[in-house]
file my_file.cif (mmCIF, C-alpha atoms)
data_run
loop_
_atom_site.label_atom_id
_atom_site.label_comp_id
_atom_site.auth_asym_id
_atom_site.auth_seq_id
_atom_site.Cartn_x
_atom_site.Cartn_y
_atom_site.Cartn_z
CA MET A 1 -97.75 -19.80 11.23
CA PRO A 2 -98.20 -22.45 13.82
CA ARG A 3 -101.06 -24.73 13.21
CA VAL A 4 -103.78 -24.89 15.87
CA LYS A 5 -103.95 -28.40 17.02
CA VAL A 6 -107.53 -29.53 17.59
CA LYS A 7 -107.65 -32.11 20.26
CA ARG A 8 -109.68 -35.07 19.17
CA ALA A 9 -112.14 -35.99 21.87
CA SER A 10 -112.96 -39.61 22.28
CA THR A 11 -116.46 -40.51 21.07
CA THR A 12 -116.98 -43.26 23.56
CA ILE A 13 -119.08 -42.33 26.57
CA ASP A 14 -118.83 -44.09 29.85
CA MET A 15 -121.96 -46.20 29.98
CA THR A 16 -121.45 -47.65 33.45
CA ALA A 17 -123.69 -45.22 35.29
CA MET A 18 -126.41 -45.42 32.68
CA CYS A 19 -126.28 -49.18 32.83
CA ASP A 20 -126.61 -49.10 36.60
CA VAL A 21 -129.63 -46.86 36.48
CA SER A 22 -131.39 -48.80 33.78
CA PHE A 23 -130.93 -52.10 35.57
CA LEU A 24 -132.18 -50.57 38.78
CA LEU A 25 -135.32 -49.45 36.99
CA LEU A 26 -135.67 -52.82 35.34
CA THR A 27 -135.50 -54.58 38.70
CA PHE A 28 -138.12 -52.22 40.06
CA PHE A 29 -140.54 -52.88 37.22
CA ILE A 30 -140.07 -56.62 37.35
CA LEU A 31 -140.78 -56.67 41.07
CA THR A 32 -143.84 -54.44 40.89
CA ALA A 33 -145.37 -56.37 38.01
CA THR A 34 -147.78 -58.76 39.63
CA ALA A 35 -147.59 -62.30 38.40
CA ARG A 36 -150.80 -63.42 36.77
CA GLN A 37 -152.62 -65.97 38.82
CA PRO A 38 -153.88 -69.01 36.95
CA GLU A 39 -157.65 -68.78 36.76
CA PRO A 40 -159.95 -71.77 37.11
CA LEU A 41 -162.43 -70.19 34.71
CA GLN A 42 -160.98 -68.56 31.61
CA VAL A 43 -163.14 -65.84 30.15
CA ASP A 44 -162.76 -63.67 27.11
CA THR A 45 -164.02 -60.25 28.08
CA PRO A 46 -165.73 -58.02 25.54
CA ALA A 47 -163.97 -54.86 24.38
CA SER A 48 -165.00 -51.28 25.07
CA ALA A 49 -163.57 -47.81 24.64
CA THR A 50 -163.74 -47.03 28.37
CA GLN A 51 -160.48 -45.84 29.87
CA VAL A 52 -161.31 -46.35 33.54
CA LYS A 53 -159.18 -48.99 35.20
CA VAL A 54 -160.41 -51.58 37.65
CA PRO A 55 -159.86 -50.47 41.25
CA ASP A 56 -157.23 -52.43 43.14
CA ASP A 57 -158.80 -53.10 46.49
CA ASP A 58 -162.17 -53.54 48.15
CA LEU A 59 -163.41 -55.27 45.08
CA GLY A 60 -165.63 -58.28 44.69
CA LEU A 61 -165.24 -59.97 41.35
CA ILE A 62 -167.96 -62.13 39.85
CA THR A 63 -166.83 -64.15 36.85
CA ILE A 64 -169.40 -65.60 34.47
CA GLY A 65 -168.46 -67.88 31.64
CA ASN A 66 -168.59 -71.32 30.08
CA GLY A 67 -172.37 -71.57 29.84
CA GLY A 68 -173.40 -69.72 32.97
CA LYS A 69 -170.83 -70.92 35.48
CA VAL A 70 -170.46 -68.31 38.21
CA PHE A 71 -167.27 -67.80 40.19
CA PHE A 72 -166.69 -65.33 42.98
CA GLY A 73 -163.59 -63.81 44.49
CA VAL A 74 -162.62 -60.95 46.78
CA VAL A 75 -159.42 -59.03 46.11
CA ASN A 76 -158.77 -58.08 49.72
CA ARG A 77 -157.14 -61.06 51.45
CA ASN A 78 -158.13 -60.14 54.99
CA ALA A 79 -161.78 -59.89 54.05
CA ARG A 80 -161.75 -63.43 52.64
CA GLY A 81 -161.24 -65.04 56.03
CA ARG A 82 -164.03 -63.05 57.64
CA MET A 83 -166.30 -63.80 54.69
CA LEU A 84 -165.76 -67.54 55.20
CA GLU A 85 -166.53 -67.21 58.92
CA LEU A 86 -169.82 -65.50 58.15
CA MET A 87 -170.69 -68.13 55.57
CA SER A 88 -169.81 -71.05 57.84
CA GLU A 89 -172.17 -69.63 60.47
CA LYS A 90 -174.98 -69.31 57.97
CA TYR A 91 -174.65 -72.77 56.50
CA SER A 92 -173.45 -74.32 59.79
CA ILE A 93 -170.38 -75.87 58.17
CA PRO A 94 -167.39 -75.46 60.50
CA PHE A 95 -163.92 -74.73 59.13
CA THR A 96 -160.60 -75.19 60.91
CA PRO A 97 -158.16 -72.24 61.17
CA GLU A 98 -155.86 -74.00 58.68
CA GLU A 99 -158.68 -74.25 56.18
CA LYS A 100 -159.46 -70.60 56.71
CA ALA A 101 -155.85 -69.65 56.06
CA GLU A 102 -155.82 -71.77 52.93
CA PHE A 103 -159.08 -70.19 51.78
CA SER A 104 -157.60 -66.71 52.21
CA MET A 105 -155.02 -67.61 49.60
CA MET A 106 -157.64 -68.52 47.02
CA GLU A 107 -158.10 -65.85 44.42
CA THR A 108 -161.45 -67.08 43.16
CA PHE A 109 -163.62 -70.14 43.55
CA GLY A 110 -166.76 -71.64 42.12
CA VAL A 111 -168.11 -74.57 44.08
CA PRO A 112 -171.28 -75.08 46.09
CA MET A 113 -170.88 -74.55 49.83
CA GLY A 114 -170.99 -78.30 50.50
CA ASN A 115 -167.95 -78.97 48.31
CA LEU A 116 -165.84 -76.08 49.57
CA LYS A 117 -164.02 -78.19 52.18
CA GLN A 118 -163.02 -80.64 49.46
CA LEU A 119 -161.76 -77.82 47.25
CA ILE A 120 -159.69 -76.32 50.05
CA GLY A 121 -158.17 -79.78 50.62
CA LEU A 122 -156.87 -79.90 47.07
CA GLY A 123 -153.52 -78.38 46.22
CA PRO A 124 -153.31 -74.90 44.66
CA ASN A 125 -152.37 -76.41 41.31
CA ASP A 126 -155.15 -79.00 41.20
CA ARG A 127 -157.74 -76.40 42.08
CA VAL A 128 -157.37 -74.37 38.92
CA LYS A 129 -157.88 -77.32 36.59
CA GLU A 130 -160.47 -76.45 34.04
CA GLY A 131 -163.88 -77.99 34.47
CA LEU A 132 -163.21 -79.05 38.05
CA GLN A 133 -165.28 -76.34 39.71
CA PRO A 134 -168.94 -76.39 38.69
CA GLY A 135 -169.77 -72.81 39.68
CA ILE A 136 -171.67 -71.27 42.57
CA PRO A 137 -175.41 -72.02 42.65
CA VAL A 138 -177.55 -68.99 41.77
CA ASP A 139 -181.30 -68.60 41.76
CA SER A 140 -183.81 -65.82 42.11
CA THR A 141 -184.62 -66.29 45.81
CA GLU A 142 -182.94 -64.94 48.91
CA ALA A 143 -182.94 -68.33 50.64
CA LEU A 144 -179.85 -70.38 51.47
CA SER A 145 -180.11 -72.12 48.10
CA ASN A 146 -178.98 -68.90 46.41
CA GLU A 147 -175.39 -69.19 47.53
CA LEU A 148 -174.04 -66.36 45.41
CA PHE A 149 -176.39 -63.97 47.19
CA HIS A 150 -174.94 -64.95 50.56
CA TRP A 151 -171.34 -64.92 49.39
CA ILE A 152 -171.71 -61.38 48.09
CA TYR A 153 -173.56 -60.30 51.18
CA SER A 154 -170.91 -61.78 53.50
CA ALA A 155 -168.13 -60.20 51.47
CA ARG A 156 -169.80 -56.81 51.75
CA VAL A 157 -170.26 -57.23 55.50
CA ALA A 158 -166.63 -58.31 55.91
CA THR A 159 -165.31 -55.35 53.92
CA LYS A 160 -167.52 -52.94 55.80
CA GLU A 161 -166.37 -54.31 59.16
CA GLN A 162 -162.68 -54.16 58.34
CA LYS A 163 -162.32 -51.00 56.33
CA ASP A 164 -165.62 -49.20 56.79
CA VAL A 165 -166.09 -48.79 53.06
CA GLU A 166 -168.67 -50.23 50.73
CA MET A 167 -167.26 -53.05 48.62
CA ARG A 168 -167.33 -52.40 44.91
CA ILE A 169 -168.57 -55.13 42.67
CA SER A 170 -167.41 -55.97 39.16
CA ILE A 171 -168.84 -58.47 36.76
CA LYS A 172 -166.42 -60.15 34.41
CA GLY A 173 -168.52 -61.86 31.82
CA ASP A 174 -167.49 -63.85 28.80
CA ALA A 175 -168.28 -61.98 25.59
CA ASN A 176 -170.32 -64.85 24.18
CA GLU A 177 -172.29 -65.50 27.32
CA LYS A 178 -176.04 -65.15 26.76
CA TYR A 179 -177.75 -62.23 28.42
CA PRO A 180 -180.03 -64.27 30.78
CA GLU A 181 -176.98 -65.60 32.61
CA ILE A 182 -175.70 -62.07 33.17
CA LYS A 183 -179.17 -60.90 34.10
CA LYS A 184 -179.41 -63.58 36.78
CA VAL A 185 -176.33 -62.19 38.52
CA ILE A 186 -177.47 -58.58 38.10
CA ASP A 187 -180.77 -59.57 39.72
CA VAL A 188 -178.91 -61.03 42.68
CA LEU A 189 -177.04 -57.74 43.09
CA GLN A 190 -180.23 -55.73 42.78
CA SER A 191 -181.98 -57.83 45.40
CA GLN A 192 -179.28 -56.52 47.79
CA LYS A 193 -179.90 -53.00 46.57
CA VAL A 194 -176.56 -52.91 44.80
CA ASN A 195 -177.56 -50.91 41.76
CA LYS A 196 -174.12 -49.69 40.88
CA PHE A 197 -171.45 -52.04 39.67
CA SER A 198 -169.02 -52.24 36.82
CA LEU A 199 -168.53 -54.52 33.87
CA ILE A 200 -164.97 -55.57 33.16
CA THR A 201 -163.88 -55.10 29.59
CA SER A 202 -160.70 -55.09 27.61
CA LEU A 203 -159.49 -52.13 25.62
CA ARG A 204 -160.63 -51.56 22.09
CA GLY A 205 -159.17 -49.31 19.44
CA SER A 206 -160.89 -46.03 18.67
CA ASP A 207 -162.06 -47.26 15.28
CA PHE A 208 -165.30 -48.82 16.40
CA MET B 209 -84.13 -61.03 28.97
CA ALA B 210 -86.39 -59.71 26.35
CA GLU B 211 -89.25 -57.62 27.50
CA LEU B 212 -92.58 -57.28 25.93
CA ASN B 213 -93.45 -53.75 25.16
CA THR B 214 -96.99 -53.32 26.30
CA GLY B 215 -96.98 -49.61 25.69
CA GLY B 216 -98.18 -48.50 29.07
CA LYS B 217 -101.05 -49.77 31.17
CA GLN B 218 -104.31 -50.11 29.29
CA GLN B 219 -107.56 -49.97 31.27
CA PRO B 220 -109.74 -52.93 30.37
CA ARG B 221 -112.99 -51.50 29.00
CA VAL B 222 -116.19 -53.24 28.11
CA ASP B 223 -118.59 -51.69 25.67
CA LEU B 224 -121.80 -51.34 27.64
CA THR B 225 -123.91 -49.84 24.86
CA ALA B 226 -125.57 -53.08 23.90
CA MET B 227 -126.31 -53.92 27.49
CA VAL B 228 -127.95 -50.55 28.10
CA ASP B 229 -130.00 -51.00 24.95
CA LEU B 230 -131.24 -54.32 26.17
CA ALA B 231 -132.02 -52.99 29.64
CA PHE B 232 -134.07 -50.12 28.27
CA LEU B 233 -135.94 -52.43 25.97
CA LEU B 234 -136.90 -54.61 28.91
CA ILE B 235 -137.88 -51.57 30.99
CA THR B 236 -140.19 -50.41 28.23
CA PHE B 237 -141.71 -53.85 27.98
CA PHE B 238 -142.40 -54.13 31.70
CA MET B 239 -143.73 -50.59 31.93
CA LEU B 240 -146.22 -51.18 29.16
CA THR B 241 -147.37 -54.60 30.28
CA THR B 242 -148.05 -53.52 33.85
CA SER B 243 -150.49 -50.83 32.75
CA ILE B 244 -152.01 -52.56 29.73
CA ASN B 245 -152.61 -55.83 31.49
CA LYS B 246 -155.09 -54.19 33.80
CA PRO B 247 -158.63 -54.59 32.49
CA ASN B 248 -161.00 -51.68 32.24
CA ALA B 249 -164.14 -51.21 34.24
CA MET B 250 -167.32 -49.83 32.77
CA ASP B 251 -169.62 -48.43 35.41
CA VAL B 252 -173.26 -49.36 35.18
CA ALA B 253 -176.11 -48.05 37.26
CA MET B 254 -179.33 -50.02 37.15
CA PRO B 255 -182.69 -48.47 37.97
CA ASP B 256 -183.77 -49.20 41.53
CA LYS B 257 -186.06 -52.19 41.83
CA ASN B 258 -189.22 -51.26 43.61
CA LYS B 259 -190.47 -54.47 45.16
CA ASP B 260 -193.51 -52.97 46.90
CA ASP B 261 -194.93 -51.19 43.91
CA PRO B 262 -193.65 -52.51 40.59
CA GLU B 263 -196.20 -50.41 38.74
CA ASP B 264 -194.70 -47.17 40.03
CA ARG B 265 -193.45 -45.60 36.84
CA LEU B 266 -192.58 -42.21 35.58
CA GLU B 267 -194.50 -41.18 32.49
CA VAL B 268 -192.41 -39.57 29.78
CA ALA B 269 -193.39 -38.26 26.39
CA ASP B 270 -193.36 -40.81 23.58
CA ASN B 271 -191.27 -38.67 21.31
CA ARG B 272 -188.42 -38.65 23.80
CA THR B 273 -188.01 -42.37 24.31
CA MET B 274 -186.05 -44.50 21.98
CA THR B 275 -186.09 -48.22 22.60
CA LEU B 276 -183.29 -50.49 21.45
CA LEU B 277 -184.11 -54.18 21.29
CA LEU B 278 -180.97 -56.27 21.26
CA GLY B 279 -181.63 -59.33 19.15
CA SER B 280 -179.57 -62.28 18.03
CA GLY B 281 -176.90 -62.14 15.33
CA ASN B 282 -175.45 -58.84 16.62
CA LYS B 283 -178.39 -56.78 15.40
CA ILE B 284 -180.39 -54.02 17.03
CA GLU B 285 -183.99 -53.16 16.29
CA TRP B 286 -184.89 -49.67 17.36
CA TYR B 287 -188.04 -47.60 17.46
CA VAL B 288 -189.25 -44.35 18.97
CA GLY B 289 -192.38 -44.24 21.09
CA GLU B 290 -194.48 -47.28 21.80
CA TYR B 291 -193.98 -50.62 20.10
CA SER B 292 -197.63 -50.88 19.04
CA ASN B 293 -197.61 -47.47 17.44
CA PRO B 294 -194.02 -46.37 16.84
CA LEU B 295 -193.36 -42.77 15.84
CA GLU B 296 -190.29 -43.83 13.96
CA GLY B 297 -188.91 -47.21 13.00
CA PRO B 298 -188.78 -50.06 13.73
CA GLU B 299 -185.53 -50.39 11.91
CA ILE B 300 -182.82 -53.03 12.09
CA VAL B 301 -179.23 -51.80 12.39
CA ASP B 302 -175.81 -53.10 13.33
CA TYR B 303 -173.58 -52.06 16.18
CA GLY B 304 -170.78 -49.58 15.80
CA LYS B 305 -170.10 -46.44 13.86
CA GLU B 306 -171.89 -47.49 10.68
CA GLY B 307 -174.96 -48.82 12.44
CA ILE B 308 -176.57 -47.39 15.53
CA ARG B 309 -174.29 -44.39 16.06
CA PRO B 310 -175.62 -42.09 13.31
CA VAL B 311 -179.17 -42.83 14.44
CA LEU B 312 -178.36 -42.03 18.05
CA LEU B 313 -176.49 -38.85 17.16
CA ARG B 314 -179.36 -37.67 14.98
CA LYS B 315 -181.97 -38.35 17.66
CA LEU B 316 -179.82 -36.71 20.33
CA LYS B 317 -179.81 -33.56 18.27
CA GLU B 318 -183.44 -33.72 17.21
CA VAL B 319 -185.20 -34.39 20.49
CA PRO B 320 -184.19 -31.20 22.39
CA GLN B 321 -185.35 -29.17 19.38
CA LEU B 322 -188.62 -31.08 19.30
CA THR B 323 -189.36 -30.56 22.98
CA GLY B 324 -187.95 -27.03 22.93
CA ASP B 325 -186.09 -27.63 26.16
CA PRO B 326 -182.40 -28.58 26.22
CA GLU B 327 -183.00 -30.35 29.53
CA LYS B 328 -185.54 -32.67 27.97
CA GLY B 329 -183.27 -34.75 25.83
CA LEU B 330 -183.45 -38.23 24.48
CA ILE B 331 -184.10 -41.15 26.81
CA VAL B 332 -182.70 -44.42 25.57
CA VAL B 333 -184.15 -47.66 26.86
CA ILE B 334 -181.97 -50.69 26.23
CA ARG B 335 -183.86 -53.97 26.23
CA PRO B 336 -181.60 -56.97 25.75
CA SER B 337 -183.46 -60.08 24.64
CA ASP B 338 -182.61 -63.55 25.88
CA LYS B 339 -180.80 -64.26 22.64
CA SER B 340 -178.39 -61.36 22.88
CA THR B 341 -174.93 -61.82 24.34
CA HIS B 342 -172.90 -60.06 26.97
CA ARG B 343 -170.81 -58.56 24.19
CA ASN B 344 -173.91 -56.86 22.79
CA LEU B 345 -174.72 -55.33 26.16
CA VAL B 346 -171.21 -54.00 26.61
CA ASP B 347 -171.15 -52.70 23.03
CA ILE B 348 -174.36 -50.75 23.42
CA LEU B 349 -173.35 -49.32 26.80
CA ASP B 350 -170.06 -48.31 25.23
CA GLU B 351 -171.99 -46.66 22.42
CA MET B 352 -173.91 -44.63 25.02
CA ASN B 353 -170.61 -43.38 26.39
CA ILE B 354 -169.30 -42.59 22.93
CA VAL B 355 -172.31 -40.53 21.83
CA GLN B 356 -172.57 -39.08 25.34
CA ALA B 357 -176.18 -39.96 25.87
CA ARG B 358 -177.03 -38.71 29.30
CA GLN B 359 -180.19 -40.65 29.99
CA TYR B 360 -180.27 -44.33 29.33
CA MET B 361 -181.37 -47.39 31.20
CA ILE B 362 -181.38 -51.13 30.90
CA GLY B 363 -184.89 -52.48 30.94
CA THR B 364 -186.62 -55.82 30.67
CA ILE B 365 -187.98 -56.92 27.34
CA SER B 366 -191.74 -57.56 27.09
CA GLU B 367 -193.63 -60.33 25.29
CA PRO B 368 -194.87 -58.17 22.40
CA GLU B 369 -191.35 -56.93 21.79
CA ILE B 370 -190.07 -60.48 21.63
CA GLU B 371 -192.77 -61.10 19.03
CA VAL B 372 -191.43 -58.17 17.02
CA LEU B 373 -187.94 -59.66 17.14
CA LYS B 374 -189.25 -63.10 16.17
CA ARG B 375 -191.10 -61.58 13.23
CA ASP B 376 -187.88 -59.99 12.00
CA ASN B 377 -185.92 -63.19 12.50
CA LEU B 378 -183.74 -61.73 15.25
CA TYR B 379 -184.61 -64.23 17.93
CA ASN B 380 -182.53 -67.25 17.01
CA ASP B 381 -179.91 -69.16 18.93
#
call {"tool": "encode", "arguments": {"input": "my_file.cif", "output": "C-alpha cells"}}
result
Amino acid sequence: MPRVKVKRASTTIDMTAMCDVSFLLLTFFILTATARQPEPLQVDTPASATQVKVPDDDLGLITIGNGGKVFFGVVNRNARGRMLELMSEKYSIPFTPEEKAEFSMMETFGVPMGNLKQLIGLGPNDRVKEGLQPGIPVDSTEALSNELFHWIYSARVATKEQKDVEMRISIKGDANEKYPEIKKVIDVLQSQKVNKFSLITSLRGSDF
Amino acid sequence: MAELNTGGKQQPRVDLTAMVDLAFLLITFFMLTTSINKPNAMDVAMPDKNKDDPEDRLEVADNRTMTLLLGSGNKIEWYVGEYSNPLEGPEIVDYGKEGIRPVLLRKLKEVPQLTGDPEKGLIVVIRPSDKSTHRNLVDILDEMNIVQARQYMIGTISEPEIEVLKRDNLYND
C-alpha cells in the first residue's frame, strides 16, 4: 500500500503585513498623544470615583495650590487673545500684537495685571519656573482689584463672542489646600452667577 | 574552477515576530496613557446666591436634614435636625466606606419611610469648616455620588457649629 505523504506546512507566518499595520497604529497613537505642557504651578489633585472626563474645549481652568496661589488659563487659543484685549481695555494697559500672540501661546499664568508684560517678555522656559509667578490677586469685591473676577469674566465674554457657547469652568485644587482658599474662588464664580462648575480630580480605585 | 554549491537561491528572511511584539506593546502603552492621563471632572452646582434677600430660605422639616460638618484631621461630625437640639448625633466619623457611608445609606432609607413620601427624601447639608481641606470636600461630594443622594448642598458653617467642632477638638490646623 502506498503511504499517504502528509505535506509538512511551514509554521512560520509572514509577519511583514502585521508589522506594517502595527507600526502605522503606533505612529498614529504617538502623534495624537498630546505632549504634557510644563506647568508653573504643580498641584496634586484629590481622587474621586467620578468617571466623567474633562471637556476638551471652551474650558476655563482655575488652578489653586501652594498656599492659595491662583492661576488661570483658557484652553481655547483663539479666545486667549480676545480675553487679553478685553483686559487691556479694562486696566488701560496696552499690549502690542506680538505680545498678544505670545500670550496666546501661554497655557496658564498667575501674575497680577501689572506684571503681565514682564512675564510675556520672558522666554517660555523661564516662565514655568516654580515660585516665579505669585498668583492672580483675588478678593471678595467686584472692583478692579479682584483681577481673577475680571479674567474669568473676559474669558467668558471672549468665548461667547467667538463660539456662542457658555464657557465651562473647572477648578483644579491641590488636595491639601485649605477650604477657605477654594471658597474664595467659588465666591468669585458665584458673584458672576456661575453656579455650575466642576472640580478636577484624579481617578481612584473602587475600594474607597 | 570549483563552484560553490549554494543549493538554489534562498530568500533572505528576517524574523519579524519580536518587532511586532514590541510594536504592539508600545501601541498598548500609548493607548492607555492617552485616556488615563486625562483628569476627571466632578460637576458641582452651588445654590444661587441671593444678594437682595439673603434671608430668603426654604423651610424644611428637621427630620429630613442631615448636616455634615467637615472638621480638621479628616473627620466629619454629623447630626440630624438643628445643632442646638439635634434629633440624632452629633457623632464623629471618618470618610469612606467604614465611616460616613453606612450612616448615609441608613438615613437615605429611613427618611422616606419617616415622612411617608418617597419624594421627600434626605437632604444633606455639607458645611466645610475653615480647617478642612479641598480633599475633604471632594471626598464628601464623591460620597454623595456613591450613595446616590439626590439632594445635597454646600453651605456655610455658622459660629455655633464652629464651637461644636472646637469642643470636639476638630478645629485644629
call {"tool": "residues_near_point", "arguments": {"input": "my_file.cif", "point": "(-169.4, -49.0, 37.7)", "cutoff": "7 Å", "atoms": "all atoms listed in the file", "output": "ChimeraX atom specification"}}
result
/A:196-199 /B:249-253
call {"tool": "atom_distance", "arguments": {"input": "my_file.cif", "atom1": "atom CA of B:Pro336", "atom2": "atom CA of B:Lys374"}}
result
13.7 Å
call {"tool": "atom_distance", "arguments": {"input": "my_file.cif", "atom1": "atom CA of A:Pro55", "atom2": "atom CA of B:Leu240"}}
result
18.2 Å
call {"tool": "atom_distance", "arguments": {"input": "my_file.cif", "atom1": "atom CA of B:Arg358", "atom2": "atom CA of A:Lys172"}}
result
24.5 Å
call {"tool": "interface_residues", "arguments": {"input": "my_file.cif", "of": "chain A", "to": "chain B", "cutoff": "6 Å", "atoms": "all atoms listed in the file", "output": "PyMOL selection string"}}
result
chain A and resi 15+19+22+26+29+33+46+48+52-54+175-180+195-202+208
call {"tool": "closest_residue", "arguments": {"input": "my_file.cif", "among": "A:Lys160, A:Lys69, A:Arg168, A:Lys117", "to": "A:Val138", "atoms": "all atoms listed in the file"}}
result
A:Lys69
call {"tool": "residues_near_point", "arguments": {"input": "my_file.cif", "point": "(-166.3, -67.1, 55.0)", "cutoff": "10 Å", "atoms": "only C-alpha atoms", "output": "list in words"}}
result
Ala79, Arg80, Gly81, Arg82, Met83, Leu84, Glu85, Leu86, Met87, Ser88, Glu89, Lys90, Phe95, Lys100, Phe103, Ser104, His150, Trp151, Ser154, Ala155 and Ala158 of chain A
call {"tool": "residues_around", "arguments": {"input": "my_file.cif", "residues": "A:Leu116", "least_positions_apart": "3", "cutoff": "10 Å", "atoms": "only C-alpha atoms", "output": "PDB file with C-alpha atoms, in the coordinates of the input"}}
result
ATOM      1  CA  ILE A  93    -170.380 -75.870  58.170  1.00  0.00           C
ATOM      2  CA  PHE A  95    -163.920 -74.730  59.130  1.00  0.00           C
ATOM      3  CA  GLU A  99    -158.680 -74.250  56.180  1.00  0.00           C
ATOM      4  CA  PHE A 103    -159.080 -70.190  51.780  1.00  0.00           C
ATOM      5  CA  PHE A 109    -163.620 -70.140  43.550  1.00  0.00           C
ATOM      6  CA  GLY A 110    -166.760 -71.640  42.120  1.00  0.00           C
ATOM      7  CA  VAL A 111    -168.110 -74.570  44.080  1.00  0.00           C
ATOM      8  CA  PRO A 112    -171.280 -75.080  46.090  1.00  0.00           C
ATOM      9  CA  MET A 113    -170.880 -74.550  49.830  1.00  0.00           C
ATOM     10  CA  LEU A 119    -161.760 -77.820  47.250  1.00  0.00           C
ATOM     11  CA  ILE A 120    -159.690 -76.320  50.050  1.00  0.00           C
ATOM     12  CA  GLY A 121    -158.170 -79.780  50.620  1.00  0.00           C
ATOM     13  CA  GLN A 133    -165.280 -76.340  39.710  1.00  0.00           C
TER      14      GLN A 133
END
call {"tool": "resolve_selection", "arguments": {"input": "my_file.cif", "expression": "the PyMOL selection byres ((chain B and resi 327-335) around 8)", "output": "list in words"}}
result
Arg272, Thr273, Met274, Thr275, Leu276, Leu277, Leu278, Lys315, Leu316, Val319, Pro320, Thr323, Gly324, Asp325, Pro326, Pro336, Ser337, Ala357, Arg358, Gln359, Tyr360, Met361, Ile362, Gly363, Thr364 and Ile365 of chain B
call {"tool": "resolve_selection", "arguments": {"input": "my_file.cif", "expression": "the PyMOL selection byres ((chain A and resi 59-61) around 8)", "output": "PDB file with C-alpha atoms, in the coordinates of the input"}}
result
ATOM      1  CA  PRO A  55    -159.860 -50.470  41.250  1.00  0.00           C
ATOM      2  CA  ASP A  56    -157.230 -52.430  43.140  1.00  0.00           C
ATOM      3  CA  ASP A  57    -158.800 -53.100  46.490  1.00  0.00           C
ATOM      4  CA  ASP A  58    -162.170 -53.540  48.150  1.00  0.00           C
ATOM      5  CA  ILE A  62    -167.960 -62.130  39.850  1.00  0.00           C
ATOM      6  CA  THR A  63    -166.830 -64.150  36.850  1.00  0.00           C
ATOM      7  CA  PHE A  72    -166.690 -65.330  42.980  1.00  0.00           C
ATOM      8  CA  GLY A  73    -163.590 -63.810  44.490  1.00  0.00           C
ATOM      9  CA  VAL A  74    -162.620 -60.950  46.780  1.00  0.00           C
ATOM     10  CA  VAL A  75    -159.420 -59.030  46.110  1.00  0.00           C
ATOM     11  CA  ASN A  76    -158.770 -58.080  49.720  1.00  0.00           C
ATOM     12  CA  ILE A 152    -171.710 -61.380  48.090  1.00  0.00           C
ATOM     13  CA  ALA A 155    -168.130 -60.200  51.470  1.00  0.00           C
ATOM     14  CA  MET A 167    -167.260 -53.050  48.620  1.00  0.00           C
ATOM     15  CA  ARG A 168    -167.330 -52.400  44.910  1.00  0.00           C
ATOM     16  CA  ILE A 169    -168.570 -55.130  42.670  1.00  0.00           C
ATOM     17  CA  SER A 170    -167.410 -55.970  39.160  1.00  0.00           C
ATOM     18  CA  ILE A 171    -168.840 -58.470  36.760  1.00  0.00           C
ATOM     19  CA  LYS A 172    -166.420 -60.150  34.410  1.00  0.00           C
TER      20      LYS A 172
END
call {"tool": "axis_aligned_box", "arguments": {"input": "my_file.cif", "around": "stretch 314-321 of chain B", "padding_each_side": "4 Å", "output": "JSON"}}
result
{"center_x": -182.4, "center_y": -33.8, "center_z": 18.7, "size_x": 14.0, "size_y": 17.2, "size_z": 15.4}
